[in-house]
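Data file: target17.cif. Format and content: mmCIF, C-alpha atoms, pLDDT in the B column; chains and numbers go by the auth columns.
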```cif
data_query
#
loop_
_atom_site.group_PDB
_atom_site.id
_atom_site.type_symbol
_atom_site.label_atom_id
_atom_site.label_comp_id
_atom_site.label_asym_id
_atom_site.label_seq_id
_atom_site.Cartn_x
_atom_site.Cartn_y
_atom_site.Cartn_z
_atom_site.B_iso_or_equiv
_atom_site.auth_seq_id
_atom_site.auth_asym_id
ATOM 1 C CA MET A 1 -21.062 93.826 44.485 79.00 1 A
ATOM 2 C CA ASN A 2 -18.899 91.809 46.873 92.00 2 A
ATOM 3 C CA LEU A 3 -16.412 90.079 44.583 96.00 3 A
ATOM 4 C CA GLU A 4 -15.192 87.679 47.270 95.00 4 A
ATOM 5 C CA SER A 5 -18.765 86.465 47.796 96.00 5 A
ATOM 6 C CA VAL A 6 -19.225 86.081 44.032 96.00 6 A
ATOM 7 C CA TYR A 7 -16.123 83.867 43.787 96.00 7 A
ATOM 8 C CA LYS A 8 -17.032 81.813 46.838 96.00 8 A
ATOM 9 C CA GLU A 9 -20.629 81.238 45.701 96.00 9 A
ATOM 10 C CA ALA A 10 -19.344 80.098 42.287 95.00 10 A
ATOM 11 C CA GLY A 11 -16.886 77.645 43.865 94.00 11 A
ATOM 12 C CA ALA A 12 -14.068 79.724 42.389 95.00 12 A
ATOM 13 C CA TYR A 13 -12.330 80.705 45.623 95.00 13 A
ATOM 14 C CA LEU A 14 -10.087 77.707 46.135 94.00 14 A
ATOM 15 C CA GLU A 15 -8.087 76.817 49.226 93.00 15 A
ATOM 16 C CA GLY A 16 -5.286 74.260 49.166 93.00 16 A
ATOM 17 C CA HIS A 17 -1.660 74.309 48.010 95.00 17 A
ATOM 18 C CA PHE A 18 -1.208 75.763 44.541 94.00 18 A
ATOM 19 C CA LEU A 19 1.684 76.214 42.128 91.00 19 A
ATOM 20 C CA LEU A 20 1.107 79.536 40.360 84.00 20 A
ATOM 21 C CA SER A 21 2.219 80.451 36.839 75.00 21 A
ATOM 22 C CA SER A 22 4.900 82.673 38.408 76.00 22 A
ATOM 23 C CA GLY A 23 6.471 79.585 40.013 83.00 23 A
ATOM 24 C CA ASN A 24 5.463 80.723 43.499 87.00 24 A
ATOM 25 C CA HIS A 25 3.130 78.841 45.838 93.00 25 A
ATOM 26 C CA SER A 26 -0.071 80.026 47.515 93.00 26 A
ATOM 27 C CA GLN A 27 -2.732 78.640 49.819 94.00 27 A
ATOM 28 C CA PHE A 28 -5.458 80.305 47.751 93.00 28 A
ATOM 29 C CA TYR A 29 -6.368 80.432 44.069 93.00 29 A
ATOM 30 C CA LEU A 30 -9.031 82.277 42.085 93.00 30 A
ATOM 31 C CA GLN A 31 -10.486 79.992 39.399 92.00 31 A
ATOM 32 C CA SER A 32 -12.290 82.641 37.350 94.00 32 A
ATOM 33 C CA ALA A 33 -13.515 80.103 34.800 93.00 33 A
ATOM 34 C CA LYS A 34 -16.023 78.937 37.425 94.00 34 A
ATOM 35 C CA VAL A 35 -17.388 82.481 37.661 96.00 35 A
ATOM 36 C CA LEU A 36 -17.426 83.067 33.915 96.00 36 A
ATOM 37 C CA GLU A 37 -19.199 79.784 33.096 96.00 37 A
ATOM 38 C CA ASP A 38 -22.431 81.586 34.026 96.00 38 A
ATOM 39 C CA PRO A 39 -23.126 83.993 31.124 96.00 39 A
ATOM 40 C CA ALA A 40 -25.538 86.126 33.144 96.00 40 A
ATOM 41 C CA LEU A 41 -23.024 86.573 35.974 97.00 41 A
ATOM 42 C CA ALA A 42 -20.166 87.188 33.532 97.00 42 A
ATOM 43 C CA GLY A 43 -22.239 89.860 31.847 97.00 43 A
ATOM 44 C CA LYS A 44 -23.128 91.530 35.146 97.00 44 A
ATOM 45 C CA LEU A 45 -19.481 91.666 36.213 98.00 45 A
ATOM 46 C CA ALA A 46 -18.385 93.032 32.839 98.00 46 A
ATOM 47 C CA ASP A 47 -21.114 95.679 32.893 98.00 47 A
ATOM 48 C CA GLU A 48 -19.875 96.858 36.283 98.00 48 A
ATOM 49 C CA LEU A 49 -16.240 96.842 35.151 98.00 49 A
ATOM 50 C CA PHE A 50 -17.119 98.894 32.074 98.00 50 A
ATOM 51 C CA SER A 51 -18.983 101.387 34.261 98.00 51 A
ATOM 52 C CA VAL A 52 -15.916 101.779 36.502 97.00 52 A
ATOM 53 C CA ILE A 53 -13.716 102.506 33.468 98.00 53 A
ATOM 54 C CA LYS A 54 -16.251 104.875 31.887 97.00 54 A
ATOM 55 C CA ASN A 55 -16.789 106.782 35.148 97.00 55 A
ATOM 56 C CA ALA A 56 -13.028 107.301 35.377 97.00 56 A
ATOM 57 C CA GLY A 57 -13.187 109.150 32.060 97.00 57 A
ATOM 58 C CA ILE A 58 -11.199 106.590 30.092 97.00 58 A
ATOM 59 C CA SER A 59 -12.247 106.337 26.437 97.00 59 A
ATOM 60 C CA PHE A 60 -11.276 103.299 24.356 98.00 60 A
ATOM 61 C CA GLU A 61 -12.216 101.647 21.075 98.00 61 A
ATOM 62 C CA SER A 62 -11.156 98.045 21.550 98.00 62 A
ATOM 63 C CA VAL A 63 -10.282 95.383 24.099 98.00 63 A
ATOM 64 C CA CYS A 64 -7.398 92.911 23.850 98.00 64 A
ATOM 65 C CA SER A 65 -6.847 89.943 26.167 98.00 65 A
ATOM 66 C CA PRO A 66 -4.056 87.394 26.478 96.00 66 A
ATOM 67 C CA ALA A 67 -5.276 83.852 25.859 93.00 67 A
ATOM 68 C CA LEU A 68 -6.485 81.749 27.441 89.00 68 A
ATOM 69 C CA GLY A 69 -7.636 83.034 30.801 87.00 69 A
ATOM 70 C CA GLY A 70 -8.438 86.587 29.724 95.00 70 A
ATOM 71 C CA ILE A 71 -10.585 85.813 26.695 97.00 71 A
ATOM 72 C CA LEU A 72 -13.999 85.503 28.360 97.00 72 A
ATOM 73 C CA ALA A 73 -13.495 88.520 30.632 98.00 73 A
ATOM 74 C CA GLY A 74 -12.197 90.638 27.756 98.00 74 A
ATOM 75 C CA TYR A 75 -14.953 89.599 25.374 98.00 75 A
ATOM 76 C CA GLU A 76 -17.614 90.431 27.950 98.00 76 A
ATOM 77 C CA LEU A 77 -16.018 93.815 28.645 98.00 77 A
ATOM 78 C CA ALA A 78 -16.047 94.568 24.923 98.00 78 A
ATOM 79 C CA ARG A 79 -19.711 93.552 24.728 98.00 79 A
ATOM 80 C CA ALA A 80 -20.582 95.755 27.696 98.00 80 A
ATOM 81 C CA GLY A 81 -19.029 98.772 26.010 98.00 81 A
ATOM 82 C CA ASN A 82 -19.992 97.861 22.428 98.00 82 A
ATOM 83 C CA LYS A 83 -16.300 97.693 21.492 98.00 83 A
ATOM 84 C CA ARG A 84 -14.181 95.464 19.262 98.00 84 A
ATOM 85 C CA PHE A 85 -12.414 92.471 20.817 98.00 85 A
ATOM 86 C CA ILE A 86 -9.211 90.659 19.863 98.00 86 A
ATOM 87 C CA PHE A 87 -6.787 88.393 21.726 98.00 87 A
ATOM 88 C CA THR A 88 -3.114 87.538 21.737 97.00 88 A
ATOM 89 C CA GLU A 89 -1.753 84.041 22.274 96.00 89 A
ATOM 90 C CA ARG A 90 1.522 82.277 22.838 93.00 90 A
ATOM 91 C CA VAL A 91 3.297 80.548 19.991 93.00 91 A
ATOM 92 C CA ASP A 92 6.450 78.689 21.033 93.00 92 A
ATOM 93 C CA GLY A 93 6.404 80.683 24.264 88.00 93 A
ATOM 94 C CA GLN A 94 6.155 84.082 22.575 91.00 94 A
ATOM 95 C CA MET A 95 3.082 86.296 22.733 94.00 95 A
ATOM 96 C CA THR A 96 1.749 87.084 19.272 95.00 96 A
ATOM 97 C CA LEU A 97 -1.297 88.329 17.388 96.00 97 A
ATOM 98 C CA ARG A 98 -2.776 85.841 14.911 94.00 98 A
ATOM 99 C CA ARG A 99 -6.062 84.804 13.255 94.00 99 A
ATOM 100 C CA GLY A 100 -6.248 87.798 10.959 91.00 100 A
ATOM 101 C CA PHE A 101 -6.549 90.298 13.815 95.00 101 A
ATOM 102 C CA GLU A 102 -5.302 93.783 12.936 96.00 102 A
ATOM 103 C CA VAL A 103 -4.548 96.937 14.885 97.00 103 A
ATOM 104 C CA LYS A 104 -5.187 100.385 13.438 97.00 104 A
ATOM 105 C CA LYS A 105 -2.694 103.165 14.015 98.00 105 A
ATOM 106 C CA GLY A 106 -3.774 105.132 17.075 98.00 106 A
ATOM 107 C CA GLU A 107 -6.526 102.640 18.013 98.00 107 A
ATOM 108 C CA LYS A 108 -7.137 102.885 21.750 98.00 108 A
ATOM 109 C CA PHE A 109 -7.125 99.625 23.724 98.00 109 A
ATOM 110 C CA ILE A 110 -7.892 98.348 27.189 98.00 110 A
ATOM 111 C CA ILE A 111 -5.904 95.196 28.021 98.00 111 A
ATOM 112 C CA CYS A 112 -8.211 92.897 29.999 98.00 112 A
ATOM 113 C CA GLU A 113 -7.580 89.751 32.047 97.00 113 A
ATOM 114 C CA ASP A 114 -9.719 87.699 34.406 96.00 114 A
ATOM 115 C CA VAL A 115 -7.192 88.066 37.253 94.00 115 A
ATOM 116 C CA ILE A 116 -4.041 90.178 37.298 93.00 116 A
ATOM 117 C CA THR A 117 -1.252 89.212 39.658 88.00 117 A
ATOM 118 C CA THR A 118 1.981 90.916 38.543 89.00 118 A
ATOM 119 C CA GLY A 119 0.577 91.783 35.122 93.00 119 A
ATOM 120 C CA GLY A 120 3.231 90.031 33.061 92.00 120 A
ATOM 121 C CA SER A 121 0.937 88.574 30.399 93.00 121 A
ATOM 122 C CA ALA A 122 -1.049 91.809 30.157 96.00 122 A
ATOM 123 C CA VAL A 123 2.142 93.787 29.520 97.00 123 A
ATOM 124 C CA GLU A 124 3.215 91.297 26.846 96.00 124 A
ATOM 125 C CA SER A 125 -0.118 91.833 25.089 97.00 125 A
ATOM 126 C CA ALA A 126 0.242 95.601 25.419 98.00 126 A
ATOM 127 C CA LYS A 127 3.664 95.498 23.764 97.00 127 A
ATOM 128 C CA ILE A 128 2.177 93.650 20.786 97.00 128 A
ATOM 129 C CA ILE A 129 -0.593 96.250 20.442 98.00 129 A
ATOM 130 C CA GLU A 130 1.860 99.130 20.692 98.00 130 A
ATOM 131 C CA SER A 131 4.300 97.555 18.231 97.00 131 A
ATOM 132 C CA LEU A 132 1.484 97.543 15.662 97.00 132 A
ATOM 133 C CA GLY A 133 0.644 101.207 16.179 98.00 133 A
ATOM 134 C CA GLY A 134 -2.124 100.896 18.766 98.00 134 A
ATOM 135 C CA GLU A 135 -2.343 102.842 22.015 98.00 135 A
ATOM 136 C CA VAL A 136 -2.920 101.124 25.355 98.00 136 A
ATOM 137 C CA VAL A 137 -4.907 103.506 27.575 98.00 137 A
ATOM 138 C CA GLY A 138 -5.407 101.192 30.543 98.00 138 A
ATOM 139 C CA TYR A 139 -5.592 97.719 32.038 98.00 139 A
ATOM 140 C CA ALA A 140 -8.568 95.896 33.522 98.00 140 A
ATOM 141 C CA ALA A 141 -9.428 92.648 35.310 98.00 141 A
ATOM 142 C CA LEU A 142 -12.244 91.184 37.306 97.00 142 A
ATOM 143 C CA ALA A 143 -9.863 90.753 40.230 97.00 143 A
ATOM 144 C CA SER A 144 -6.455 91.966 41.346 96.00 144 A
ATOM 145 C CA ARG A 145 -4.156 89.784 43.414 91.00 145 A
ATOM 146 C CA GLY A 146 -2.960 92.905 45.243 91.00 146 A
ATOM 147 C CA PHE A 147 0.429 93.388 43.598 91.00 147 A
ATOM 148 C CA CYS A 148 -0.268 96.156 41.083 94.00 148 A
ATOM 149 C CA LYS A 149 -1.356 99.736 41.731 95.00 149 A
ATOM 150 C CA MET A 150 -5.127 99.823 41.210 96.00 150 A
ATOM 151 C CA VAL A 151 -7.582 102.679 40.751 96.00 151 A
ATOM 152 C CA GLY A 152 -9.459 102.927 44.039 94.00 152 A
ATOM 153 C CA GLY A 153 -7.262 100.283 45.644 92.00 153 A
ATOM 154 C CA LEU A 154 -3.581 99.515 46.195 89.00 154 A
ATOM 155 C CA GLU A 155 -1.513 102.692 45.810 90.00 155 A
ATOM 156 C CA ASN A 156 2.011 101.315 46.140 91.00 156 A
ATOM 157 C CA PRO A 157 2.787 98.425 43.779 92.00 157 A
ATOM 158 C CA ALA A 158 4.838 95.446 44.882 88.00 158 A
ATOM 159 C CA PRO A 159 8.458 95.281 43.646 89.00 159 A
ATOM 160 C CA ASN A 160 7.553 92.540 41.147 87.00 160 A
ATOM 161 C CA ALA A 161 4.505 94.361 39.725 92.00 161 A
ATOM 162 C CA LYS A 162 4.880 94.762 35.964 95.00 162 A
ATOM 163 C CA LEU A 163 1.994 97.051 34.978 97.00 163 A
ATOM 164 C CA PRO A 164 3.254 100.520 33.950 96.00 164 A
ATOM 165 C CA SER A 165 2.681 103.220 36.563 91.00 165 A
ATOM 166 C CA ASP A 166 1.479 105.753 33.984 94.00 166 A
ATOM 167 C CA LYS A 167 -1.554 103.686 32.886 97.00 167 A
ATOM 168 C CA PRO A 168 -4.640 103.101 35.071 98.00 168 A
ATOM 169 C CA PHE A 169 -5.530 99.598 36.241 98.00 169 A
ATOM 170 C CA PHE A 170 -9.187 98.870 36.988 98.00 170 A
ATOM 171 C CA ALA A 171 -10.571 95.846 38.848 98.00 171 A
ATOM 172 C CA LEU A 172 -13.724 94.980 40.768 97.00 172 A
ATOM 173 C CA GLY A 173 -11.857 93.805 43.853 96.00 173 A
ATOM 174 C CA GLU A 174 -8.512 92.991 45.433 95.00 174 A
ATOM 175 C CA PHE A 175 -7.366 89.711 46.986 94.00 175 A
ATOM 176 C CA GLY A 176 -4.147 90.032 48.959 88.00 176 A
ATOM 177 C CA PHE A 177 -3.183 86.365 49.146 89.00 177 A
ATOM 178 C CA ALA A 178 0.282 85.545 50.451 87.00 178 A
ATOM 179 C CA MET A 179 2.661 83.928 47.957 87.00 179 A
ATOM 180 C CA PHE A 180 5.848 82.036 48.730 91.00 180 A
ATOM 181 C CA ALA A 181 8.947 80.987 46.838 90.00 181 A
ATOM 182 C CA PRO A 182 9.041 77.159 46.744 93.00 182 A
ATOM 183 C CA ASP A 183 12.015 76.955 49.113 93.00 183 A
ATOM 184 C CA GLU A 184 10.256 79.243 51.613 93.00 184 A
ATOM 185 C CA CYS A 185 6.753 77.784 51.361 95.00 185 A
ATOM 186 C CA PRO A 186 5.345 76.769 54.786 95.00 186 A
ATOM 187 C CA LEU A 187 2.921 74.374 53.078 95.00 187 A
ATOM 188 C CA CYS A 188 5.807 72.518 51.460 95.00 188 A
ATOM 189 C CA LYS A 189 7.642 72.410 54.776 95.00 189 A
ATOM 190 C CA SER A 190 4.589 70.772 56.335 95.00 190 A
ATOM 191 C CA GLY A 191 4.815 67.974 53.734 94.00 191 A
ATOM 192 C CA SER A 192 2.111 69.166 51.328 93.00 192 A
ATOM 193 C CA LYS A 193 2.673 69.026 47.555 92.00 193 A
ATOM 194 C CA ALA A 194 1.673 71.963 45.344 93.00 194 A
ATOM 195 C CA VAL A 195 -0.758 71.327 42.476 92.00 195 A
ATOM 196 C CA LYS A 196 -1.041 73.452 39.353 87.00 196 A
ATOM 197 C CA PRO A 197 -4.519 74.768 38.573 80.00 197 A
ATOM 198 C CA GLY A 198 -5.528 75.857 35.074 58.00 198 A
ATOM 199 C CA SER A 199 -3.001 78.455 33.982 47.00 199 A
ATOM 200 C CA ARG A 200 -0.072 79.161 31.733 45.00 200 A
ATOM 201 C CA GLY A 201 1.520 76.004 30.378 43.00 201 A
ATOM 202 C CA ASN A 202 -1.417 73.842 31.404 41.00 202 A
#
```
Please express the file's structure as structure tokens.
Amino acid sequence: MNLESVYKEAGAYLEGHFLLSSGNHSQFYLQSAKVLEDPALAGKLADELFSVIKNAGISFESVCSPALGGILAGYELARAGNKRFIFTERVDGQMTLRRGFEVKKGEKFIICEDVITTGGSAVESAKIIESLGGEVVGYAALASRGFCKMVGGLENPAPNAKLPSDKPFFALGEFGFAMFAPDECPLCKSGSKAVKPGSRGN
């Protein structure tokens, strides 16, 4: 499956001038919600992602995703593997586990997002799981933005990558879009104004 084609056909591969949740700017943005609005396509992608994880020999019992963007991808991954699904969410800026969700001691989790850039939100979710006695055995996403070390992909993580090096990260494809600090952004210098797509704080 060509993930770039999937995103483009779904109208989810956006080109413009975007303000990312990290505060950086980019000419490109992956709007995974446009991919995941098609249940059949979402299921197909999740089935493939589960197969990649299973073929790597990683065994897990549950999936946890950070809200909001990761919920659909994580739920579909859990369905594909017949696993339990829970999600974390921010309350007053802090990641937390609510809604009666519980974590059993030693329960093995995959942390799943739709897209992972540096992995900050995924790591926050992992810390919650681990603080409650669970074990995070890996990370997963439909797409990687090319910053974190990925199984079958990028081998040397970027300096700002936050995923731990001792846990595998699985994704269906990598997108190495350039990102710029606001004061170094060539789009800004050309007079364009960055817009914020659906993301953290939106």
When you look at Thr118 (chain A) with a cut-off of 10 Å (counting all atoms listed in the file), what residues show up, excluding the ones that are within fewer than 4 positions of it in the same chain? I need them as an mmCIF file with C-alpha atoms, in the frame of the given file.
```cif
data_model
loop_
_atom_site.group_PDB
_atom_site.id
_atom_site.type_symbol
_atom_site.label_atom_id
_atom_site.label_comp_id
_atom_site.auth_asym_id
_atom_site.auth_seq_id
_atom_site.Cartn_x
_atom_site.Cartn_y
_atom_site.Cartn_z
ATOM 1 C CA SER A 22 4.900 82.673 38.408
ATOM 2 C CA ALA A 122 -1.049 91.809 30.157
ATOM 3 C CA VAL A 123 2.142 93.787 29.520
ATOM 4 C CA SER A 144 -6.455 91.966 41.346
ATOM 5 C CA ARG A 145 -4.156 89.784 43.414
ATOM 6 C CA GLY A 146 -2.960 92.905 45.243
ATOM 7 C CA PHE A 147 0.429 93.388 43.598
ATOM 8 C CA CYS A 148 -0.268 96.156 41.083
ATOM 9 C CA LYS A 149 -1.356 99.736 41.731
ATOM 10 C CA PRO A 157 2.787 98.425 43.779
ATOM 11 C CA ALA A 158 4.838 95.446 44.882
ATOM 12 C CA PRO A 159 8.458 95.281 43.646
ATOM 13 C CA ASN A 160 7.553 92.540 41.147
ATOM 14 C CA ALA A 161 4.505 94.361 39.725
ATOM 15 C CA LYS A 162 4.880 94.762 35.964
ATOM 16 C CA LEU A 163 1.994 97.051 34.978
#
```
Take the PyMOL selection byres ((chain A and resi 59-67) around 8), run it mentally on this structure, and tell me the resulting residues as JSON, numbers by chain. {"A": [54, 57, 58, 68, 69, 70, 71, 74, 75, 77, 78, 83, 84, 85, 86, 87, 88, 89, 90, 107, 108, 109, 110, 111, 112, 113, 121, 122, 125, 137]}
Expand the PyMOL selection byres ((chain A and resi 170) around 9) into the explicit residue set it covers here, and present it as a list in words.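 Residues picked by the PyMOL selection byres ((chain A and resi 170) around 9): Leu49, Val52, Ile53, Gly138, Tyr139, Ala140, Ala141, Leu142, Ala143, Ser144, Met150, Val151, Gly152, Gly153, Pro168, Phe169, Ala171, Leu172 and Gly173 of chain A.
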Given the PyMOL selection byres ((chain A and resi 178) around 12) and the file above, list the residues it selects as a list of chain:residue names.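 Written out, the selection comes to A:His17, A:Phe18, A:Leu20, A:Asn24, A:His25, A:Ser26, A:Gln27, A:Phe28, A:Tyr29, A:Thr117, A:Arg145, A:Gly146, A:Phe147, A:Phe175, A:Gly176, A:Phe177, A:Met179, A:Phe180, A:Ala181, A:Glu184, A:Cys185, A:Pro186, A:Leu187.
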Could you check how far CA of Leu36 (chain A) sits from CA of Ala73 (chain A), in Å to one decimal?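 Computing it gives 7.5 Å between the two atoms.
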